[in-house]
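Coordinates as given in entry_32.pdb (PDB, N, CA and C atoms, pLDDT in the B column):
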ATOM      1  N   MET T   1      -9.948   3.030   1.975  1.00 92.00           N
ATOM      2  CA  MET T   1     -10.194   1.964   2.912  1.00 92.00           C
ATOM      3  C   MET T   1      -9.442   2.278   4.197  1.00 92.00           C
ATOM      4  N   LYS T   2     -10.099   2.099   5.291  1.00 94.00           N
ATOM      5  CA  LYS T   2      -9.463   2.279   6.591  1.00 94.00           C
ATOM      6  C   LYS T   2      -9.213   0.914   7.208  1.00 94.00           C
ATOM      7  N   VAL T   3      -8.032   0.778   7.825  1.00 96.00           N
ATOM      8  CA  VAL T   3      -7.685  -0.453   8.530  1.00 96.00           C
ATOM      9  C   VAL T   3      -7.253  -0.087   9.936  1.00 96.00           C
ATOM     10  N   ILE T   4      -7.364  -1.039  10.826  1.00 97.00           N
ATOM     11  CA  ILE T   4      -6.943  -0.835  12.216  1.00 97.00           C
ATOM     12  C   ILE T   4      -5.776  -1.773  12.488  1.00 97.00           C
ATOM     13  N   ILE T   5      -4.688  -1.216  13.008  1.00 97.00           N
ATOM     14  CA  ILE T   5      -3.547  -2.051  13.364  1.00 97.00           C
ATOM     15  C   ILE T   5      -3.879  -2.742  14.683  1.00 97.00           C
ATOM     16  N   ASP T   6      -4.058  -4.047  14.598  1.00 97.00           N
ATOM     17  CA  ASP T   6      -4.401  -4.836  15.780  1.00 97.00           C
ATOM     18  C   ASP T   6      -3.175  -5.091  16.646  1.00 97.00           C
ATOM     19  N   ARG T   7      -2.081  -5.505  15.975  1.00 97.00           N
ATOM     20  CA  ARG T   7      -0.845  -5.790  16.704  1.00 97.00           C
ATOM     21  C   ARG T   7       0.314  -5.870  15.723  1.00 97.00           C
ATOM     22  N   ILE T   8       1.512  -5.834  16.276  1.00 95.00           N
ATOM     23  CA  ILE T   8       2.728  -6.000  15.491  1.00 95.00           C
ATOM     24  C   ILE T   8       3.324  -7.357  15.864  1.00 95.00           C
ATOM     25  N   GLU T   9       3.619  -8.170  14.854  1.00 96.00           N
ATOM     26  CA  GLU T   9       4.232  -9.490  15.066  1.00 96.00           C
ATOM     27  C   GLU T   9       5.452  -9.597  14.164  1.00 96.00           C
ATOM     28  N   GLY T  10       6.632  -9.457  14.747  1.00 95.00           N
ATOM     29  CA  GLY T  10       7.856  -9.544  13.955  1.00 95.00           C
ATOM     30  C   GLY T  10       7.904  -8.438  12.916  1.00 95.00           C
ATOM     31  N   ASN T  11       8.002  -8.819  11.650  1.00 95.00           N
ATOM     32  CA  ASN T  11       8.073  -7.855  10.554  1.00 95.00           C
ATOM     33  C   ASN T  11       6.709  -7.500   9.979  1.00 95.00           C
ATOM     34  N   PHE T  12       5.655  -7.956  10.626  1.00 96.00           N
ATOM     35  CA  PHE T  12       4.311  -7.731  10.098  1.00 96.00           C
ATOM     36  C   PHE T  12       3.422  -6.961  11.068  1.00 96.00           C
ATOM     37  N   ALA T  13       2.527  -6.175  10.485  1.00 97.00           N
ATOM     38  CA  ALA T  13       1.442  -5.561  11.236  1.00 97.00           C
ATOM     39  C   ALA T  13       0.205  -6.391  10.919  1.00 97.00           C
ATOM     40  N   VAL T  14      -0.471  -6.852  11.938  1.00 97.00           N
ATOM     41  CA  VAL T  14      -1.723  -7.576  11.739  1.00 97.00           C
ATOM     42  C   VAL T  14      -2.814  -6.521  11.768  1.00 97.00           C
ATOM     43  N   VAL T  15      -3.507  -6.361  10.624  1.00 97.00           N
ATOM     44  CA  VAL T  15      -4.514  -5.307  10.525  1.00 97.00           C
ATOM     45  C   VAL T  15      -5.893  -5.909  10.306  1.00 97.00           C
ATOM     46  N   GLU T  16      -6.884  -5.229  10.875  1.00 97.00           N
ATOM     47  CA  GLU T  16      -8.279  -5.611  10.652  1.00 97.00           C
ATOM     48  C   GLU T  16      -8.772  -4.815   9.461  1.00 97.00           C
ATOM     49  N   ILE T  17      -9.223  -5.530   8.402  1.00 94.00           N
ATOM     50  CA  ILE T  17      -9.652  -4.819   7.201  1.00 94.00           C
ATOM     51  C   ILE T  17     -11.163  -4.628   7.124  1.00 94.00           C
ATOM     52  N   SER T  18     -11.918  -5.585   7.535  1.00 87.00           N
ATOM     53  CA  SER T  18     -13.378  -5.423   7.553  1.00 87.00           C
ATOM     54  C   SER T  18     -14.016  -6.601   8.267  1.00 87.00           C
ATOM     55  N   LYS T  19     -15.031  -6.288   9.008  1.00 87.00           N
ATOM     56  CA  LYS T  19     -15.818  -7.315   9.700  1.00 87.00           C
ATOM     57  C   LYS T  19     -14.950  -8.319  10.449  1.00 87.00           C
ATOM     58  N   GLY T  20     -13.884  -7.835  11.059  1.00 89.00           N
ATOM     59  CA  GLY T  20     -13.040  -8.697  11.871  1.00 89.00           C
ATOM     60  C   GLY T  20     -12.007  -9.512  11.116  1.00 89.00           C
ATOM     61  N   LYS T  21     -11.937  -9.368   9.790  1.00 96.00           N
ATOM     62  CA  LYS T  21     -10.959 -10.120   9.013  1.00 96.00           C
ATOM     63  C   LYS T  21      -9.569  -9.526   9.232  1.00 96.00           C
ATOM     64  N   MET T  22      -8.608 -10.386   9.591  1.00 97.00           N
ATOM     65  CA  MET T  22      -7.241  -9.959   9.882  1.00 97.00           C
ATOM     66  C   MET T  22      -6.313 -10.332   8.726  1.00 97.00           C
ATOM     67  N   VAL T  23      -5.383  -9.431   8.420  1.00 97.00           N
ATOM     68  CA  VAL T  23      -4.433  -9.641   7.337  1.00 97.00           C
ATOM     69  C   VAL T  23      -3.049  -9.205   7.797  1.00 97.00           C
ATOM     70  N   ASN T  24      -2.027  -9.972   7.439  1.00 97.00           N
ATOM     71  CA  ASN T  24      -0.649  -9.593   7.728  1.00 97.00           C
ATOM     72  C   ASN T  24      -0.131  -8.684   6.615  1.00 97.00           C
ATOM     73  N   VAL T  25       0.450  -7.568   7.013  1.00 96.00           N
ATOM     74  CA  VAL T  25       0.988  -6.590   6.072  1.00 96.00           C
ATOM     75  C   VAL T  25       2.388  -6.216   6.557  1.00 96.00           C
ATOM     76  N   PRO T  26       3.359  -6.059   5.643  1.00 97.00           N
ATOM     77  CA  PRO T  26       4.685  -5.636   6.104  1.00 97.00           C
ATOM     78  C   PRO T  26       4.584  -4.357   6.935  1.00 97.00           C
ATOM     79  N   LYS T  27       5.185  -4.372   8.117  1.00 95.00           N
ATOM     80  CA  LYS T  27       5.038  -3.228   9.014  1.00 95.00           C
ATOM     81  C   LYS T  27       5.682  -1.967   8.462  1.00 95.00           C
ATOM     82  N   GLU T  28       6.595  -2.095   7.498  1.00 96.00           N
ATOM     83  CA  GLU T  28       7.235  -0.928   6.890  1.00 96.00           C
ATOM     84  C   GLU T  28       6.217  -0.011   6.211  1.00 96.00           C
ATOM     85  N   LEU T  29       5.061  -0.548   5.858  1.00 95.00           N
ATOM     86  CA  LEU T  29       4.025   0.272   5.230  1.00 95.00           C
ATOM     87  C   LEU T  29       3.360   1.224   6.222  1.00 95.00           C
ATOM     88  N   PHE T  30       3.587   0.999   7.502  1.00 93.00           N
ATOM     89  CA  PHE T  30       2.935   1.809   8.532  1.00 93.00           C
ATOM     90  C   PHE T  30       3.959   2.467   9.447  1.00 93.00           C
ATOM     91  N   THR T  31       5.005   3.039   8.878  1.00 92.00           N
ATOM     92  CA  THR T  31       6.055   3.678   9.661  1.00 92.00           C
ATOM     93  C   THR T  31       5.459   4.699  10.624  1.00 92.00           C
ATOM     94  N   GLY T  32       5.800   4.572  11.888  1.00 93.00           N
ATOM     95  CA  GLY T  32       5.330   5.509  12.899  1.00 93.00           C
ATOM     96  C   GLY T  32       3.993   5.149  13.518  1.00 93.00           C
ATOM     97  N   ALA T  33       3.293   4.187  12.945  1.00 94.00           N
ATOM     98  CA  ALA T  33       1.996   3.780  13.487  1.00 94.00           C
ATOM     99  C   ALA T  33       2.203   2.710  14.561  1.00 94.00           C
ATOM    100  N   THR T  34       1.269   2.645  15.483  1.00 95.00           N
ATOM    101  CA  THR T  34       1.345   1.663  16.553  1.00 95.00           C
ATOM    102  C   THR T  34       0.021   0.919  16.678  1.00 95.00           C
ATOM    103  N   GLU T  35       0.010  -0.080  17.534  1.00 96.00           N
ATOM    104  CA  GLU T  35      -1.198  -0.874  17.758  1.00 96.00           C
ATOM    105  C   GLU T  35      -2.369   0.026  18.123  1.00 96.00           C
ATOM    106  N   GLY T  36      -3.501  -0.237  17.498  1.00 96.00           N
ATOM    107  CA  GLY T  36      -4.710   0.534  17.766  1.00 96.00           C
ATOM    108  C   GLY T  36      -4.906   1.701  16.813  1.00 96.00           C
ATOM    109  N   ASP T  37      -3.863   2.073  16.054  1.00 98.00           N
ATOM    110  CA  ASP T  37      -3.996   3.190  15.116  1.00 98.00           C
ATOM    111  C   ASP T  37      -4.901   2.814  13.953  1.00 98.00           C
ATOM    112  N   VAL T  38      -5.662   3.790  13.493  1.00 97.00           N
ATOM    113  CA  VAL T  38      -6.480   3.645  12.291  1.00 97.00           C
ATOM    114  C   VAL T  38      -5.688   4.272  11.150  1.00 97.00           C
ATOM    115  N   VAL T  39      -5.524   3.512  10.076  1.00 96.00           N
ATOM    116  CA  VAL T  39      -4.738   3.966   8.935  1.00 96.00           C
ATOM    117  C   VAL T  39      -5.619   3.928   7.702  1.00 96.00           C
ATOM    118  N   GLU T  40      -5.537   4.973   6.896  1.00 95.00           N
ATOM    119  CA  GLU T  40      -6.306   5.014   5.653  1.00 95.00           C
ATOM    120  C   GLU T  40      -5.393   4.660   4.486  1.00 95.00           C
ATOM    121  N   ILE T  41      -5.859   3.742   3.650  1.00 93.00           N
ATOM    122  CA  ILE T  41      -5.133   3.331   2.458  1.00 93.00           C
ATOM    123  C   ILE T  41      -5.931   3.848   1.257  1.00 93.00           C
ATOM    124  N   THR T  42      -5.277   4.635   0.413  1.00 95.00           N
ATOM    125  CA  THR T  42      -5.978   5.190  -0.742  1.00 95.00           C
ATOM    126  C   THR T  42      -5.227   4.877  -2.026  1.00 95.00           C
ATOM    127  N   VAL T  43      -5.957   4.828  -3.114  1.00 96.00           N
ATOM    128  CA  VAL T  43      -5.385   4.667  -4.443  1.00 96.00           C
ATOM    129  C   VAL T  43      -5.238   6.069  -5.031  1.00 96.00           C
ATOM    130  N   LEU T  44      -4.045   6.388  -5.470  1.00 97.00           N
ATOM    131  CA  LEU T  44      -3.762   7.705  -6.025  1.00 97.00           C
ATOM    132  C   LEU T  44      -3.842   7.613  -7.549  1.00 97.00           C
ATOM    133  N   LYS T  45      -5.032   7.807  -8.079  1.00 97.00           N
ATOM    134  CA  LYS T  45      -5.297   7.621  -9.509  1.00 97.00           C
ATOM    135  C   LYS T  45      -4.407   8.508 -10.383  1.00 97.00           C
ATOM    136  N   LYS T  46      -4.250   9.773 -10.012  1.00 97.00           N
ATOM    137  CA  LYS T  46      -3.462  10.702 -10.822  1.00 97.00           C
ATOM    138  C   LYS T  46      -2.005  10.237 -10.897  1.00 97.00           C
ATOM    139  N   GLU T  47      -1.430   9.876  -9.756  1.00 97.00           N
ATOM    140  CA  GLU T  47      -0.041   9.408  -9.731  1.00 97.00           C
ATOM    141  C   GLU T  47       0.117   8.087 -10.478  1.00 97.00           C
ATOM    142  N   THR T  48      -0.876   7.231 -10.389  1.00 96.00           N
ATOM    143  CA  THR T  48      -0.842   5.960 -11.103  1.00 96.00           C
ATOM    144  C   THR T  48      -0.813   6.203 -12.604  1.00 96.00           C
ATOM    145  N   GLU T  49      -1.662   7.094 -13.078  1.00 97.00           N
ATOM    146  CA  GLU T  49      -1.722   7.406 -14.508  1.00 97.00           C
ATOM    147  C   GLU T  49      -0.412   8.024 -14.988  1.00 97.00           C
ATOM    148  N   GLU T  50       0.166   8.928 -14.192  1.00 97.00           N
ATOM    149  CA  GLU T  50       1.440   9.548 -14.563  1.00 97.00           C
ATOM    150  C   GLU T  50       2.543   8.489 -14.654  1.00 97.00           C
ATOM    151  N   ARG T  51       2.539   7.564 -13.728  1.00 96.00           N
ATOM    152  CA  ARG T  51       3.543   6.490 -13.722  1.00 96.00           C
ATOM    153  C   ARG T  51       3.377   5.589 -14.938  1.00 96.00           C
ATOM    154  N   LYS T  52       2.137   5.246 -15.284  1.00 96.00           N
ATOM    155  CA  LYS T  52       1.880   4.420 -16.457  1.00 96.00           C
ATOM    156  C   LYS T  52       2.385   5.108 -17.723  1.00 96.00           C
ATOM    157  N   LYS T  53       2.146   6.406 -17.834  1.00 95.00           N
ATOM    158  CA  LYS T  53       2.602   7.148 -19.013  1.00 95.00           C
ATOM    159  C   LYS T  53       4.123   7.165 -19.095  1.00 95.00           C
ATOM    160  N   LYS T  54       4.781   7.358 -17.957  1.00 95.00           N
ATOM    161  CA  LYS T  54       6.244   7.376 -17.931  1.00 95.00           C
ATOM    162  C   LYS T  54       6.806   6.023 -18.361  1.00 95.00           C
ATOM    163  N   ILE T  55       6.236   4.938 -17.843  1.00 95.00           N
ATOM    164  CA  ILE T  55       6.691   3.594 -18.189  1.00 95.00           C
ATOM    165  C   ILE T  55       6.435   3.310 -19.667  1.00 95.00           C
ATOM    166  N   GLU T  56       5.276   3.717 -20.170  1.00 93.00           N
ATOM    167  CA  GLU T  56       4.951   3.511 -21.577  1.00 93.00           C
ATOM    168  C   GLU T  56       5.958   4.242 -22.467  1.00 93.00           C
ATOM    169  N   LYS T  57       6.316   5.454 -22.089  1.00 92.00           N
ATOM    170  CA  LYS T  57       7.293   6.228 -22.858  1.00 92.00           C
ATOM    171  C   LYS T  57       8.645   5.518 -22.852  1.00 92.00           C
ATOM    172  N   LEU T  58       9.078   5.034 -21.694  1.00 92.00           N
ATOM    173  CA  LEU T  58      10.337   4.303 -21.618  1.00 92.00           C
ATOM    174  C   LEU T  58      10.308   3.040 -22.484  1.00 92.00           C
ATOM    175  N   MET T  59       9.204   2.318 -22.429  1.00 91.00           N
ATOM    176  CA  MET T  59       9.067   1.085 -23.233  1.00 91.00           C
ATOM    177  C   MET T  59       9.117   1.409 -24.718  1.00 91.00           C
ATOM    178  N   ASN T  60       8.467   2.478 -25.122  1.00 89.00           N
ATOM    179  CA  ASN T  60       8.471   2.866 -26.532  1.00 89.00           C
ATOM    180  C   ASN T  60       9.882   3.220 -26.990  1.00 89.00           C
ATOM    181  N   ASN T  61      10.670   3.861 -26.129  1.00 87.00           N
ATOM    182  CA  ASN T  61      12.043   4.207 -26.473  1.00 87.00           C
ATOM    183  C   ASN T  61      12.933   2.968 -26.588  1.00 87.00           C
ATOM    184  N   VAL T  62      12.693   1.988 -25.751  1.00 86.00           N
ATOM    185  CA  VAL T  62      13.501   0.769 -25.756  1.00 86.00           C
ATOM    186  C   VAL T  62      13.169  -0.102 -26.962  1.00 86.00           C
ATOM    187  N   PHE T  63      11.887  -0.198 -27.294  1.00 82.00           N
ATOM    188  CA  PHE T  63      11.452  -1.128 -28.345  1.00 82.00           C
ATOM    189  C   PHE T  63      11.088  -0.428 -29.650  1.00 82.00           C
ATOM    190  N   GLU T  64      11.719   0.682 -29.950  1.00 75.00           N
ATOM    191  CA  GLU T  64      11.463   1.358 -31.225  1.00 75.00           C
ATOM    192  C   GLU T  64      11.917   0.469 -32.362  1.00 75.00           C
ATOM    193  N   ASP T  65      11.185   0.549 -33.464  1.00 60.00           N
ATOM    194  CA  ASP T  65      11.558  -0.237 -34.667  1.00 60.00           C
ATOM    195  C   ASP T  65      12.718   0.413 -35.387  1.00 60.00           C
TER     196      ASP T  65
END

For this file, produce the structure as structure tokens.
Amino acid sequence: MKVIIDRIEGNFAVVEISKGKMVNVPKELFTGATEGDVVEITVLKKETEERKKKIEKLMNNVFED
């Protein structure tokens, strides 16, 4: 998904997500970006799966019978 940073207001970046809909997002997510920049947000499936496996392993170690 691509978003456009419309403006920065305090600790938030106001971004246009689709068809003119504006959403406030913590500006820390867009370090180095400025008003007018187009930013792509992607889901990293491989990293998500690796993280889930790591958490599952930790949970299994904590809650062993």

If you run DSSP on the backbone here, which positions in chain T get strand (DSSP E)? Please write them as an mmCIF file with N, CA and C atoms, in the frame of the given file.
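Once written, out_28.cif looks like this:
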data_model
loop_
_atom_site.group_PDB
_atom_site.id
_atom_site.type_symbol
_atom_site.label_atom_id
_atom_site.label_comp_id
_atom_site.auth_asym_id
_atom_site.auth_seq_id
_atom_site.Cartn_x
_atom_site.Cartn_y
_atom_site.Cartn_z
ATOM 1 N N LYS T 2 -10.099 2.099 5.291
ATOM 2 C CA LYS T 2 -9.463 2.279 6.591
ATOM 3 C C LYS T 2 -9.213 0.914 7.208
ATOM 4 N N VAL T 3 -8.032 0.778 7.825
ATOM 5 C CA VAL T 3 -7.685 -0.453 8.530
ATOM 6 C C VAL T 3 -7.253 -0.087 9.936
ATOM 7 N N ILE T 4 -7.364 -1.039 10.826
ATOM 8 C CA ILE T 4 -6.943 -0.835 12.216
ATOM 9 C C ILE T 4 -5.776 -1.773 12.488
ATOM 10 N N ILE T 5 -4.688 -1.216 13.008
ATOM 11 C CA ILE T 5 -3.547 -2.051 13.364
ATOM 12 C C ILE T 5 -3.879 -2.742 14.683
ATOM 13 N N ASP T 6 -4.058 -4.047 14.598
ATOM 14 C CA ASP T 6 -4.401 -4.836 15.780
ATOM 15 C C ASP T 6 -3.175 -5.091 16.646
ATOM 16 N N ARG T 7 -2.081 -5.505 15.975
ATOM 17 C CA ARG T 7 -0.845 -5.790 16.704
ATOM 18 C C ARG T 7 0.314 -5.870 15.723
ATOM 19 N N ILE T 8 1.512 -5.834 16.276
ATOM 20 C CA ILE T 8 2.728 -6.000 15.491
ATOM 21 C C ILE T 8 3.324 -7.357 15.864
ATOM 22 N N GLU T 9 3.619 -8.170 14.854
ATOM 23 C CA GLU T 9 4.232 -9.490 15.066
ATOM 24 C C GLU T 9 5.452 -9.597 14.164
ATOM 25 N N PHE T 12 5.655 -7.956 10.626
ATOM 26 C CA PHE T 12 4.311 -7.731 10.098
ATOM 27 C C PHE T 12 3.422 -6.961 11.068
ATOM 28 N N ALA T 13 2.527 -6.175 10.485
ATOM 29 C CA ALA T 13 1.442 -5.561 11.236
ATOM 30 C C ALA T 13 0.205 -6.391 10.919
ATOM 31 N N VAL T 14 -0.471 -6.852 11.938
ATOM 32 C CA VAL T 14 -1.723 -7.576 11.739
ATOM 33 C C VAL T 14 -2.814 -6.521 11.768
ATOM 34 N N VAL T 15 -3.507 -6.361 10.624
ATOM 35 C CA VAL T 15 -4.514 -5.307 10.525
ATOM 36 C C VAL T 15 -5.893 -5.909 10.306
ATOM 37 N N GLU T 16 -6.884 -5.229 10.875
ATOM 38 C CA GLU T 16 -8.279 -5.611 10.652
ATOM 39 C C GLU T 16 -8.772 -4.815 9.461
ATOM 40 N N ILE T 17 -9.223 -5.530 8.402
ATOM 41 C CA ILE T 17 -9.652 -4.819 7.201
ATOM 42 C C ILE T 17 -11.163 -4.628 7.124
ATOM 43 N N SER T 18 -11.918 -5.585 7.535
ATOM 44 C CA SER T 18 -13.378 -5.423 7.553
ATOM 45 C C SER T 18 -14.016 -6.601 8.267
ATOM 46 N N LYS T 21 -11.937 -9.368 9.790
ATOM 47 C CA LYS T 21 -10.959 -10.120 9.013
ATOM 48 C C LYS T 21 -9.569 -9.526 9.232
ATOM 49 N N MET T 22 -8.608 -10.386 9.591
ATOM 50 C CA MET T 22 -7.241 -9.959 9.882
ATOM 51 C C MET T 22 -6.313 -10.332 8.726
ATOM 52 N N VAL T 23 -5.383 -9.431 8.420
ATOM 53 C CA VAL T 23 -4.433 -9.641 7.337
ATOM 54 C C VAL T 23 -3.049 -9.205 7.797
ATOM 55 N N ASN T 24 -2.027 -9.972 7.439
ATOM 56 C CA ASN T 24 -0.649 -9.593 7.728
ATOM 57 C C ASN T 24 -0.131 -8.684 6.615
ATOM 58 N N VAL T 25 0.450 -7.568 7.013
ATOM 59 C CA VAL T 25 0.988 -6.590 6.072
ATOM 60 C C VAL T 25 2.388 -6.216 6.557
ATOM 61 N N PRO T 26 3.359 -6.059 5.643
ATOM 62 C CA PRO T 26 4.685 -5.636 6.104
ATOM 63 C C PRO T 26 4.584 -4.357 6.935
ATOM 64 N N VAL T 38 -5.662 3.790 13.493
ATOM 65 C CA VAL T 38 -6.480 3.645 12.291
ATOM 66 C C VAL T 38 -5.688 4.272 11.150
ATOM 67 N N VAL T 39 -5.524 3.512 10.076
ATOM 68 C CA VAL T 39 -4.738 3.966 8.935
ATOM 69 C C VAL T 39 -5.619 3.928 7.702
ATOM 70 N N GLU T 40 -5.537 4.973 6.896
ATOM 71 C CA GLU T 40 -6.306 5.014 5.653
ATOM 72 C C GLU T 40 -5.393 4.660 4.486
#

message = List as a PyMOL selection string the protein and nucleic acid residues near range 23-39 of chain T, meaning an atom at most 8 Å away when only N, CA and C atoms are counted, but skip any in the same chain fewer than 5 places from it.
response = chain T and resi 1-18

Two-atom distance - atom N of Phe63 in chain T, CA of Glu47 in chain T (Å) = 23.3 Å

task = Figure out the distance between atom N of Val43 in chain T and atom N of Leu58 in chain T, please, to one decimal in Å.
result = 23.9 Å

query = By how many Å are CA of Val62 in chain T and CA of Lys45 in chain T apart?
reply = 25.8 Å

Pull out chain T, keep C-alpha atoms, and write it as a CSV table (one decimal), in the first residue's frame.
chain,number,residue,atom,x,y,z
T,1,MET,CA,0.0,0.0,0.0
T,2,LYS,CA,1.3,3.4,-0.9
T,3,VAL,CA,0.4,6.5,1.2
T,4,ILE,CA,1.1,10.2,0.7
T,5,ILE,CA,2.3,12.3,3.6
T,6,ASP,CA,-0.1,15.3,3.5
T,7,ARG,CA,1.3,17.2,6.5
T,8,ILE,CA,3.0,16.8,9.8
T,9,GLU,CA,0.9,17.9,12.9
T,10,GLY,CA,2.8,17.6,16.2
T,11,ASN,CA,3.7,13.9,16.7
T,12,PHE,CA,1.6,12.7,13.8
T,13,ALA,CA,1.9,12.5,10.1
T,14,VAL,CA,-1.4,13.0,8.4
T,15,VAL,CA,-1.4,10.6,5.5
T,16,GLU,CA,-3.7,10.0,2.5
T,17,ILE,CA,-4.5,6.3,2.3
T,18,SER,CA,-7.0,6.1,-0.5
T,19,LYS,CA,-9.6,8.2,-2.3
T,20,GLY,CA,-8.7,11.2,-0.2
T,21,LYS,CA,-9.2,9.5,3.2
T,22,MET,CA,-6.8,11.0,5.8
T,23,VAL,CA,-5.4,9.1,8.8
T,24,ASN,CA,-3.1,10.2,11.6
T,25,VAL,CA,0.0,8.0,12.0
T,26,PRO,CA,2.8,8.4,14.5
T,27,LYS,CA,5.5,10.4,12.6
T,28,GLU,CA,8.2,8.1,14.0
T,29,LEU,CA,7.1,5.5,11.4
T,30,PHE,CA,8.3,7.9,8.6
T,31,THR,CA,11.7,8.9,9.8
T,32,GLY,CA,13.3,11.1,7.2
T,33,ALA,CA,10.1,11.6,5.2
T,34,THR,CA,8.6,15.0,4.6
T,35,GLU,CA,5.3,16.4,3.4
T,36,GLY,CA,4.4,15.3,-0.1
T,37,ASP,CA,6.5,12.1,0.1
T,38,VAL,CA,5.0,8.8,-1.1
T,39,VAL,CA,5.7,6.0,1.3
T,40,GLU,CA,5.1,2.3,0.7
T,41,ILE,CA,3.9,0.1,3.5
T,42,THR,CA,4.4,-3.6,3.1
T,43,VAL,CA,3.7,-6.7,5.1
T,44,LEU,CA,6.8,-8.9,5.4
T,45,LYS,CA,5.3,-12.3,5.5
T,46,LYS,CA,8.6,-14.2,5.9
T,47,GLU,CA,9.7,-12.1,8.9
T,48,THR,CA,6.2,-12.4,10.4
T,49,GLU,CA,6.3,-16.2,10.2
T,50,GLU,CA,9.8,-16.3,11.7
T,51,ARG,CA,8.7,-14.1,14.5
T,52,LYS,CA,5.6,-16.3,15.2
T,53,LYS,CA,7.8,-19.4,15.3
T,54,LYS,CA,10.2,-17.7,17.7
T,55,ILE,CA,7.4,-16.6,20.0
T,56,GLU,CA,5.8,-20.1,19.9
T,57,LYS,CA,9.1,-21.7,20.9
T,58,LEU,CA,9.5,-19.3,23.8
T,59,MET,CA,5.9,-20.0,24.9
T,60,ASN,CA,6.4,-23.7,24.7
T,61,ASN,CA,9.6,-23.4,26.9
T,62,VAL,CA,7.7,-21.3,29.5
T,63,PHE,CA,4.6,-23.5,29.7
T,64,GLU,CA,6.1,-27.0,29.5
T,65,ASP,CA,4.3,-29.6,31.5
